[in-house]
Amino acid sequence: MPRMGFRWNCLESLTGIGIGVASIGAATFLPGAEIGVASAATGAVIGGAGLLARIKENGRKAGLEDETLITRMQARLLRDLEHWDQRAEREAAQRADAAMTRFLPQVMLSRQELAATALECRGAEDRYPAIAAQRVVDELARHDDLFRAAPAGLPESFERQFAREAVTAALLAAKEDPQYAALMTLDVTIELGAAIRETIDAVQSLRDKVERGFAALQDRAQSDDAKLARLSEKAMRGAIARFIAFSPRAGTDEIVEAVEQFAEDYDALLGRVRELDAHDNRVRGLQRAAEEALAEGDLDEARRLLREASDVRVDAATAAVREAAETLSRLAETDLLALDWESAAANWERAAAMLAPFDGFEQARLLANAGAALAAFSRTRGGLALDRALEIYRLAVSLAERDKDKTIWAKVQNDLGISLQVKAARIGGAQGNELLDEAVRVHRLALTVLTRETYPIDWALIVTCLGEALKKKGEWIGSAAGIQLLEEAAEAHRLALQVRTQRAMPIEWAATQHNLGLVLASHGELLGAEVGHSHLQEAVQAFRSALLVRTREAFPTSWAMTLNNLANALVTMGEFTGGEEGERLICEAIKAYSSSLEVQTRDSMPLQWAMVQNNLGSAFEARASRYDGAVGRDFLNQAIAHYRLSLLVRKSAHYPLAWARTLENIASVHYRMARIEKQNPCKHYFEARECLRLALGIFSRDHMPFNFEKASRLFETIETAIAEHCPATP
């Protein structure tokens with residue numbers, strides 16, 4: 001079998017990782033920033049920087065790049081990764097090798113990062129290589145999607161598996177090689193001694209410069225320099241030391257000039273500190289202590305005290321801003337109660353803007369709540385509040401940065417997905433299809449953070465929402481592809497039910513049963529009478545299960561919604577069944593619709609009321625198909641009456657998709673009436689054709705093929721009938 005490419009391409013970079021981990025010990029021996037007296041800071045910096053630079057250089061001199069060591073490490077890596085030659089996934093390993101060769105030099109962890117990782121694993125050293133390797137692979141994923149983590153519930157890619165295994169092998173090879181450890185220990189010991197000697201020499205040199213500068217300044221002060229005379233010895237020496245640290249090559253004249261300028265600025269600062277107006281006793285005390293520290297020339301202490309005073313004042317200002325933002329939020333809720341959603345949105349956005357400089361997390365949380373409130377308002381009241389909710393959700397997502405607060409970011413993504421679904425269902429067409437695709441995407445993004453293992457309750461909610469999006473997409477597509485999406489949606493709800501059990505989470509269990517029923521009903525309708533009946537029976541059972549919890553007394557709104565969807569399934573079953581049993585099912589459905597309207601009234605829930613009116617029209621239309629003559633005509637008239645009631649709310653401007661579907665239903669009724677109308681069938685044909693023409697302006701051939709093809713077939717049938725029965729067509 002030929003050798004794989006990774007044997008010769010990424011081994012060099014992996015060996016580099018080994019060299020990095022072998023020098024972890026160096027980081028733990030570095031001298032600290034404080035070497036005794038404060039004025040020694042410059043020497044410490046010089047010594048520390050020198051040590052870092054020479055460790056790298058002497059690493060090469062000491063043999064860390066010796067061919068024998070490198071060859072030995074590479075031979076071990078070849079052994080550790082040998083089994084990839086025997087795997088069917090070796091092509092994936094070759095792809096990973098090519099990408100690693102390119103990106104490993106950019107993503108290697110620094111010595112400090114490796115040392116920090118090793119310290120995190122103290123007491124469980126065996127975890128060190130795996131954790132460090134995982135971090136390297138996560139960095140690789142930022143550069144190439146080959147290494148991206150798999151979504152929840154899906155297996156990890158072979159490319160990611162190979163990368164993690166290869167990096168782990170390199171880290172282990174370096175950690176366990178005794179020659180590396182011996183070389184680095186000796187190297188660090190030698191360099192540490194040299195660095196300390198350099199530091200001592202640098203400190204002494206700094207002291208000498210300070211003394212020369214101080215002597216020159218004393219001579220100047222005795223020459224009646226009023227500015228310098230006001231400085232204490234401590235302040236003068238501190239100013240000299242800081243300037244020398246800033247400009248190590250400065251001469252005595254430059255030092256004197258700089259300290260004179262310092263004295264002038266120092267006087268002005270002291271006056272401004274005294275002028276600070278503090279009403280808080282704690283702040284006042286800190287400011288007075290800072291004045292005293294300045295007067296004594298202790299700039300570091302003055303800075304510490306003023307920083308503490310500033311923190312106190314910022315905390316107080318933040319608290320005041322939070323209180324103001326909370327008050328604005330209550331005002332926004334009151335606006336919404338008064339049905340003024342525009343004022344509510346403006347006040348929430350104003351409150352969020354106030355929080356922006358102080359508390360980004362709270363700002364994102366407030367916007368998330370505002371988006372949820374506006375979306376809920378839109379679901380019952382309609383209008384453009386949903387568009388504003390989407391804008392606010394998108395802003396909240398951008399503020400809740402994933403790396404800073406993963407949970408709120410994921411929850412807002414899921415809420416955004418829910419509202420995108422609602423918007424898509426209203427407008428349909430190409431734009432609606434794009435919104436549905438976005439909804440599926442953001443739900444999946446949320447699942448990468450809120451996993452079943454870490455956040456099971458949130459995970460179950462998001463899986464349910466993903467199932468709803470897949471259901472809508474499947475209904476629009478129809479055909480085999482749509483059926484596949486509906487099967488995926490049903491599986492999502494069944495997975496959620498593993499967490500949302502009736503005993504542990506009865507309310508959520510009922511909601512998921514309801515959503516599962518919706519998917520099964522759509523699935524059964526698409527499959528048709530011969531194979532879809534069993535799915536419809538499962539749907540009816542799921543709705544009846546939900547109603548065990550969603551009672552009218554406890555949850556009237558949810559009860560009415562589930563009752564309405566149960567009725568939909570019963571109507572479809574009735575159409576499939578036929579005979580007396582079919583009639584019984586449809587009559588049961590009409591009774592259920594009428595009961596739901598006792599809760600879903602036009603005044604309180606106009607969108608839901610319109611939906612039930614449309615569904616009642618479909619039920620009477622289904623019933624009419626069983627009767628001839630006057631009885632059938634009467635049922636068709638009742639169907640049209642309910643459809644037209646639905647259009648009182650379902651306007652084309654705000655709900656184009658629902659409007660188009662209702663028009664398609666009206667066209668179907670007129671077509672049936674034309675076929676039983678003996679005197680003047682043409683008026684019904686013309687009415688049906690106009691309704692379908694308008695509906696086809698919304699249904700998209702590319703994005704809603706199921707609806708488009710169904711309406712188009714009826715349109716062609718009516719055109720043929722008009723040509724045959726209405727020769728004088730206008």
# chains A, B, ... in the order shown; residues from 1 in each chain; ligands from 1

$ closest_atom_pairs --of "stretch 345-458 of chain A" --to "stretch 677-701 of chain A" --cutoff "8 Å" --atoms "only C-alpha atoms" --output "CSV"
residue,atom,partner,partner_atom,distance
A:Gly428,CA,A:Ile698,CA,7.0
A:Gly429,CA,A:Ser700,CA,5.1
A:Ala430,CA,A:Ser700,CA,6.7

$ write_last_selection --atoms "C-alpha atoms" --output "PDB file, in the first residue's frame"
ATOM      1  CA  GLY A 428     -44.595  32.788   1.208  1.00  0.00           C
ATOM      2  CA  GLY A 429     -42.881  33.006  -2.166  1.00  0.00           C
ATOM      3  CA  ALA A 430     -39.140  33.317  -2.731  1.00  0.00           C
TER       4      ALA A 430
END

$ residues_around --residues "A:Asp335" --least-positions-apart "5" --cutoff "12 Å" --atoms "only C-alpha atoms" --output "ChimeraX atom specification"
/A:328-330,340-348,373-374,377

$ atom_distance --atom1 "atom CA of A:Glu333" --atom2 "atom CA of A:Trp409"
23.3 Å

$ residues_around --residues "A:Arg148" --least-positions-apart "5" --cutoff "8 Å" --atoms "only C-alpha atoms" --output "ChimeraX atom specification"
/A:138,141-142,160

$ residues_around --residues "A:Gly528" --least-positions-apart "4" --cutoff "12 Å" --atoms "only C-alpha atoms" --output "list in words"
Gly478, Ser479, Ile483, Ala521, Ser522, His523, Gly524, Gly532, His533, Ser534, His535, Leu536, Thr572, Met573, Glu575, Phe576 and Thr577 of chain A

$ atom_distance --atom1 "atom CA of A:Arg307" --atom2 "atom CA of A:Ala353"
25.9 Å

$ residues_around --residues "stretch 625-632 of chain A" --least-positions-apart "2" --cutoff "12 Å" --atoms "only C-alpha atoms" --output "ChimeraX atom specification"
/A:574-575,577-580,582-583,586,618-623,634-639,668-669,672-673,675-678

$ atom_distance --atom1 "atom CA of A:Leu527" --atom2 "atom CA of A:Leu647"
29.3 Å

$ residues_around --residues "A:Leu520" --least-positions-apart "3" --cutoff "12 Å" --atoms "only C-alpha atoms" --output "ChimeraX atom specification"
/A:467-468,471,474-475,483,485-491,493-494,513-517,523-527,532-543,565-566,568-569,572

$ closest_residue --among "A:Arg452, A:Arg650, A:Arg322, A:His703" --to "A:Met611" --atoms "only C-alpha atoms"
A:Arg650
